[in-house]
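Undergrad: Quick one: structure below, then a few questions.
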Amino acid sequence: MSSRRRRLGEGPGASLGEALPLERKLELYHWMRLTRTLEERLVALYRQTKVVGGLFRSLGQEADAVGSCYALEARDVMSPLIRNMGAMLVKGATPVEILKQYMARGDSPTRGRELNIHFGDLGEAGKTRGFLGQISPLGDMVPVMAGVTLTFKMRGEDRVGLVYVGDGATSTGAFHEGINFAAVQKLPLVVIIENNGYAYSTPTHKQTAAKQFVDKAIGYGVYGEQVDGNDVLAVYDCTKRAVDRARAGEGVSLLEFMTFRRKGHAEHDNQSYVQPGEVEGWAADNDPIDRFVRVLVDREKVPQATLDAIDARIAQEVDAATDVAEASPLPQPLDALVGVYADPPSERPLWYREGADVSALGTERAEGWGTWDASKGAPR
Amino acid sequence: MPEITYLEAIREALDEEMARDPNVFLIGEDIGAFGGAFKVTDGLMAKYGEPRVIDSPISEIAIVGAAAGAAHMGMRPVVEMQFIDFMANAYDMLTNYVATARYRAFLGCPMVVRGPSGGYVRGGPFHSQNPEAGFIHTPGLKVVYPATAEDAKGLMKAAIRDDDCVLFFEHKYLYRRIKGVMPAGDHVVPIGKARTAREGTDLSIITYAATVHKSLEAAEQLHAEHGLSVEVIDLRTLAPLDDQAIFATTRKTHRVLVVHEDTRTGGIAGEITARISETCFAHLDAPVLRVTAHDIPLPYAPALEDFVLPQVQDIVTAALRLAAW
């Protein structure tokens with residue numbers, strides 16, 4: 001895969017990923033395996049119709065999400081896409097939260113207002129875990145993360161932002177405006193383009209005439225680098241250097257991760273648009289977890305039993321989380337009316353809703369007016 | 001206290017709020033050293049420095065989105081749209097993201113998006129619009145549109161202090177034509193409260209922004225020439241609407257004319273009419289009538305613009321029809 005690697009700007013230097021101590025490499029393995037196991041559990045729950053809406057997999061992309069987010073510090077802020085559940089787990093989102101979200105429970109992080117992994121925990125360093133829930137109109141997270149990192153710059157806080165976009169989102173105006181603004185302001189922001197081959201059903205050659213997405217870095221005047229997105233250590237290395245640059249005040253980086261989406265856009269999508277053998281080829285030769293297992297076992301001499309023990313702990317954790325989520329309450333319908341604004345804190349139910357306060361209509365009938373008396377039956 | 005213009009009142013509010021709260025900052029196109037296309041922010045960069053007055057690229061999505069991100073982190077950004085017409089470029093960011101962030105994600109967006117709005121200035125189709133109705137339709141946004149210099153200042157201060165996003169429409173025809181003496185001290189006008197611009201008993205005109213002044217002129221003419229006592233309600237805030245003020249004037253005069261400069265179909269007058277009909281039907285002596293712009297993109301030539309927009313004589317004609325019902 002190294003032939004795919006291309007850097008603009010600086011030379012390669014030593015790999016920060018390969019230099020990680022073994023215990024941290026095993027953490028990377030843990031997060032990737034947890035991502036896959038939790039998603040497999042969600043598939044089972046989806047088939048049991050316990051997942052309320054769609055289900056979005058990151059199968060084959062676990063290294064790109066985990067390896068990049070692992071390069072952040074606890075105080076930094078990350079903004080994930082639908083295929084970055086692994087990044088959210090690294091940043092502290094829990095399997096219980098994710099399961100409750102997918103099952104639309106009343107005590108889920110968004111109390112049933114939002115879908116799947118569309119939830120965040122954003123604010124002061126040390127008090128929040130530092131991730132911003134996905135915005136579905138693609139590209140919009142780039143301007144919003146520009147604003148988050150603008151705050152870091154204005155307040156002199158030693159914090160960095162990282163935002164993921166797909167190959168498709170690079171075609172939006174929001175992506176362009178956001179990265180351009182961040183570049184001009186020299187904000188501490190890392191923008192990651194996950195090039196997974198398809199935006200829903202649209203292949204990359206219908207998305208852009210550029211030879212590669214990382215070339216866009218030149219136009220924005222920012223640092224650019226392309227990396228094998230299925231090599232978790234290379235992803236970590238590339239992202240860590242971009243994060244360090246941002247922290248040092250050197251501004252925005254645009255990273256392109258080469259990967260492949262082995263499932264449909266969502267679970268309903270049969271991927272009829274994918275070339276024959278494409279999915280199977282990536283699964284056989286380029287699964288990010290299989291590749292990392294080979295690194296750990298063959299090169300780092302990690303006993304298979306060590307990995308098996310991690311897998312077993314994860315299976316137990318996901319089982320226990322599923323039990324908690326399944327036992328959690330459904331939302332109360334009237335909660336739907338709370339919290340659109342800070343003031344007023346709640347809206348009133350419409351008068352015709354059963355159980356609602358009928359006086360909410362507020363209809364005033366002047367005395368002696370009209371022909372219909374409800375106590376005397378139908379109008380004349 | 002000297003009289004100052006509507007425009008100066010807005011600047012005074014920005015200045016006072018920036019002095020009061022270090023989290024308040026301004027972002028927009030040409031607003032810094034140049035002071036903005038209409039000079040609303042003139043002098044503020046010199047006073048507060050570049051980090052707090054940001055000259056942005058021509059990127060309405062980016063500056064509204066960045067304001068939202070900064071607002072999540074506790075800042076209080078004030079975004080300038082060079083002309084309010086360009087807010088359409090940020091429609092997605094405002095309606096899909098900013099308006100829903102508190103509800104979906106418990107993230108506040110204490111931010112203001114402000115800019116010169118409205119016609120009667122020969123600005124042509126891209127520099128004269130009143131796009132407020134599209135945003136009133138979106139739960140999660142607040143919308144204000146002052147008619148007086150006092151309200152321009154007091155509502156701006158309230159908007160900056162509000163914990164949600166407030167869209168602040170400034171009427172460019174009023175910028176330098178309307179003046180007022182600012183009340184002493186910390187002058188804040190609460191969002192969501194209408195104002196009685198003129199007391200009356202025979203019929204009510206419910207309106208906002210530039211047509212408040214057209215309605216007051218019409219009311220004077222109706223009194224002088226026809227002996228009619230006309231009440232004029234200046235809504236000031238369009239979301240949330242002040243239902244109590246709307247219903248109170250309906251109960252008082254039993255005849256209501258809604259006047260706005262925005263186009264007719266889907267305009268706020270329809271919503272106000274529906275609320276009166278649902279709640280105060282028994283109090284009405286006549287159907288609620290509307291005077292609005294025609295459903296036409298606003299043309300440039302004076303003869304054309306004047307024909308499309310509501311004029312004093314239109315309000316007089318409609319009021320006489322209402323009074324004679």
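Every chain in the structure tokens takes a letter, A first, then B, and so on in the order presented; its residues are numbered from 1, and the ligands are numbered from 1 following the presented order.
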May I ask you to extract the residues of chain A within 9 Å of chain B, using only C-alpha atoms, and to give them as a count of residues only?
TA: 58
Undergrad: Could you find all residues in stretch 63-235 of chain A that DSSP calls helix (DSSP H, G or I) from the backbone, and write them as an NGL selection string?
TA: :A and (63-69 or 85-90 or 95-102 or 141-155 or 168-171 or 173-184 or 204-206 or 213-220 or 232-235)
Undergrad: Which polymer residues have any atom within 9 Å of an atom of stretch 15-18 of chain B, counting only C-alpha atoms, with same-chain residues fewer than 6 positions away left out, as a list of chain:residue names?
TA: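 Counting only C-alpha atoms, the residues come to B:Val24, B:Phe25, B:Leu26, B:Thr41, B:Leu44, B:Lys47, B:Tyr48, B:Arg52, B:Lys157, B:Ile160, B:Arg161, B:Asp186.
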Undergrad: Name the closest residue to B:Gly28 among the candidates B:Asp242, B:Asp306, B:Asp262, B:Glu80; distances are taken between atoms, counting only C-alpha atoms.
TA: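 Using only C-alpha atoms, the shortest distance to B:Gly28 belongs to B:Glu80.
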Undergrad: With only C-alpha atoms as the counted atoms, please give the residues lying no more than 9 Å from B:Thr253, apart from itself and same-chain residues fewer than 2 positions off, as number ranges by chain.
TA: B: 200-204, 230-231, 248-251, 255-256, 283-285
Undergrad: For the residues selected in the previous step, produce a file with N, CA and C atoms as a PDB file, in the first residue's frame.
TA:
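Dumped everything to part.pdb:
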```pdb
ATOM      1  N   GLY B 200     -55.879  53.937  19.295  1.00  0.00           N
ATOM      2  CA  GLY B 200     -57.068  54.226  18.507  1.00  0.00           C
ATOM      3  C   GLY B 200     -58.198  53.304  18.885  1.00  0.00           C
ATOM      4  N   THR B 201     -59.407  53.576  18.381  1.00  0.00           N
ATOM      5  CA  THR B 201     -60.572  52.794  18.791  1.00  0.00           C
ATOM      6  C   THR B 201     -61.387  52.242  17.627  1.00  0.00           C
ATOM      7  N   ASP B 202     -61.213  52.766  16.416  1.00  0.00           N
ATOM      8  CA  ASP B 202     -62.077  52.355  15.305  1.00  0.00           C
ATOM      9  C   ASP B 202     -61.533  51.163  14.540  1.00  0.00           C
ATOM     10  N   LEU B 203     -60.259  51.107  14.328  1.00  0.00           N
ATOM     11  CA  LEU B 203     -59.652  49.951  13.666  1.00  0.00           C
ATOM     12  C   LEU B 203     -58.183  49.867  14.022  1.00  0.00           C
ATOM     13  N   SER B 204     -57.629  48.659  13.813  1.00  0.00           N
ATOM     14  CA  SER B 204     -56.230  48.417  14.186  1.00  0.00           C
ATOM     15  C   SER B 204     -55.401  48.109  12.955  1.00  0.00           C
ATOM     16  N   VAL B 230     -57.459  55.402  14.584  1.00  0.00           N
ATOM     17  CA  VAL B 230     -56.744  54.204  14.146  1.00  0.00           C
ATOM     18  C   VAL B 230     -55.652  53.843  15.145  1.00  0.00           C
ATOM     19  N   GLU B 231     -55.653  52.580  15.569  1.00  0.00           N
ATOM     20  CA  GLU B 231     -54.580  52.087  16.447  1.00  0.00           C
ATOM     21  C   GLU B 231     -53.500  51.448  15.576  1.00  0.00           C
ATOM     22  N   ALA B 248     -55.412  41.662  21.938  1.00  0.00           N
ATOM     23  CA  ALA B 248     -55.940  42.804  22.703  1.00  0.00           C
ATOM     24  C   ALA B 248     -56.431  43.903  21.766  1.00  0.00           C
ATOM     25  N   THR B 249     -55.670  44.193  20.729  1.00  0.00           N
ATOM     26  CA  THR B 249     -56.102  45.265  19.820  1.00  0.00           C
ATOM     27  C   THR B 249     -57.315  44.802  19.005  1.00  0.00           C
ATOM     28  N   THR B 250     -57.391  43.500  18.708  1.00  0.00           N
ATOM     29  CA  THR B 250     -58.550  42.965  17.988  1.00  0.00           C
ATOM     30  C   THR B 250     -59.822  43.121  18.826  1.00  0.00           C
ATOM     31  N   ARG B 251     -59.717  42.782  20.096  1.00  0.00           N
ATOM     32  CA  ARG B 251     -60.874  42.902  21.000  1.00  0.00           C
ATOM     33  C   ARG B 251     -61.280  44.366  21.170  1.00  0.00           C
ATOM     34  N   ARG B 255     -61.719  45.474  14.193  1.00  0.00           N
ATOM     35  CA  ARG B 255     -61.385  45.556  12.765  1.00  0.00           C
ATOM     36  C   ARG B 255     -59.862  45.599  12.644  1.00  0.00           C
ATOM     37  N   VAL B 256     -59.318  44.668  11.862  1.00  0.00           N
ATOM     38  CA  VAL B 256     -57.857  44.562  11.818  1.00  0.00           C
ATOM     39  C   VAL B 256     -57.348  44.571  10.374  1.00  0.00           C
ATOM     40  N   HIS B 283     -65.000  38.334  17.995  1.00  0.00           N
ATOM     41  CA  HIS B 283     -64.779  39.765  18.248  1.00  0.00           C
ATOM     42  C   HIS B 283     -64.696  40.573  16.965  1.00  0.00           C
ATOM     43  N   LEU B 284     -64.693  39.900  15.818  1.00  0.00           N
ATOM     44  CA  LEU B 284     -64.468  40.619  14.565  1.00  0.00           C
ATOM     45  C   LEU B 284     -65.767  41.147  13.982  1.00  0.00           C
ATOM     46  N   ASP B 285     -65.725  42.391  13.534  1.00  0.00           N
ATOM     47  CA  ASP B 285     -66.857  42.968  12.812  1.00  0.00           C
ATOM     48  C   ASP B 285     -66.621  42.957  11.314  1.00  0.00           C
TER      49      ASP B 285
END
```
Undergrad: Any idea what's packed within 12 Å of A:Asp244, counting only C-alpha atoms, ignoring anything in its chain fewer than 4 positions away? Could you give it as a ChimeraX atom specification?
TA: /A:16,71-73,76,158-162,188-190,236-240,248-253
Undergrad: What is the distance, in Å and to one decimal place, between atom CA of B:Glu12 and atom CA of B:Asp42?
TA: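 Going from atom CA of B:Glu12 over to atom CA of B:Asp42, I get 10.6 Å.
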Undergrad: Using only C-alpha atoms, which of B:Ile272, B:Ala147, B:Val212, B:Leu304 sits nearest B:Phe168?
TA: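 Closest residue, counting only C-alpha atoms: B:Ala147.
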Undergrad: Go through B:Ser117, B:Thr95, B:Thr207, B:Thr317 one by one, measure the shortest atom-to-atom distance of each to B:Leu235 using only C-alpha atoms, and give the residue with the smallest value.
TA: B:Thr207
Undergrad: From a DSSP pass on the backbone, collect the residues of stretch 98-262 of chain A flagged as strand (DSSP E) and hand them back as a PyMOL selection string.
TA: chain A and resi 161-166+189-195+198-199+202-203+223-228+253-258
Undergrad: So which residues touch B:Asp151 within 10 Å, counting only C-alpha atoms, skipping near sequence neighbours fewer than 3 positions away, as an MDAnalysis selection string?
TA: chainID B and resid 6 9:10 144:148 154:157 180 182 187:190 195 236
Undergrad: Give me the residues near B:Ile206 as a PDB file with N, CA and C atoms, in the first residue's frame, where near means some atom within 8 Å (using only C-alpha atoms) and where sequence neighbours in that chain fewer than 2 positions away do not count.
TA:
```
ATOM      1  N   SER B 204     -57.629  48.659  13.813  1.00  0.00           N
ATOM      2  CA  SER B 204     -56.230  48.417  14.186  1.00  0.00           C
ATOM      3  C   SER B 204     -55.401  48.109  12.955  1.00  0.00           C
ATOM      4  N   TYR B 208     -44.948  46.216  11.098  1.00  0.00           N
ATOM      5  CA  TYR B 208     -43.591  46.251  11.662  1.00  0.00           C
ATOM      6  C   TYR B 208     -42.657  46.903  10.647  1.00  0.00           C
ATOM      7  N   VAL B 232     -52.242  51.725  15.885  1.00  0.00           N
ATOM      8  CA  VAL B 232     -51.129  51.115  15.135  1.00  0.00           C
ATOM      9  C   VAL B 232     -50.280  50.302  16.103  1.00  0.00           C
ATOM     10  N   ILE B 233     -50.176  49.011  15.817  1.00  0.00           N
ATOM     11  CA  ILE B 233     -49.347  48.115  16.633  1.00  0.00           C
ATOM     12  C   ILE B 233     -48.062  47.816  15.867  1.00  0.00           C
ATOM     13  N   ASP B 234     -46.936  48.112  16.501  1.00  0.00           N
ATOM     14  CA  ASP B 234     -45.613  47.798  15.936  1.00  0.00           C
ATOM     15  C   ASP B 234     -45.160  46.484  16.590  1.00  0.00           C
ATOM     16  N   LEU B 235     -45.111  45.421  15.796  1.00  0.00           N
ATOM     17  CA  LEU B 235     -44.817  44.101  16.381  1.00  0.00           C
ATOM     18  C   LEU B 235     -43.411  44.021  16.986  1.00  0.00           C
ATOM     19  N   ILE B 246     -51.725  41.259  19.855  1.00  0.00           N
ATOM     20  CA  ILE B 246     -52.549  41.111  18.649  1.00  0.00           C
ATOM     21  C   ILE B 246     -54.017  40.908  19.044  1.00  0.00           C
ATOM     22  N   VAL B 256     -59.318  44.668  11.862  1.00  0.00           N
ATOM     23  CA  VAL B 256     -57.857  44.562  11.818  1.00  0.00           C
ATOM     24  C   VAL B 256     -57.348  44.571  10.374  1.00  0.00           C
ATOM     25  N   LEU B 257     -56.347  45.402  10.162  1.00  0.00           N
ATOM     26  CA  LEU B 257     -55.620  45.446   8.895  1.00  0.00           C
ATOM     27  C   LEU B 257     -54.165  45.078   9.199  1.00  0.00           C
ATOM     28  N   VAL B 258     -53.642  44.087   8.494  1.00  0.00           N
ATOM     29  CA  VAL B 258     -52.229  43.736   8.688  1.00  0.00           C
ATOM     30  C   VAL B 258     -51.445  44.283   7.500  1.00  0.00           C
ATOM     31  N   VAL B 259     -50.378  44.993   7.808  1.00  0.00           N
ATOM     32  CA  VAL B 259     -49.584  45.649   6.756  1.00  0.00           C
ATOM     33  C   VAL B 259     -48.144  45.166   6.830  1.00  0.00           C
TER      34      VAL B 259
END
```
Undergrad: Between atom CA of B:Gly192 and atom CA of A:Pro333, measure the distance and give it in Å to one decimal.
TA: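 So the two atoms, atom CA of B:Gly192 and atom CA of A:Pro333, lie 27.3 Å apart.
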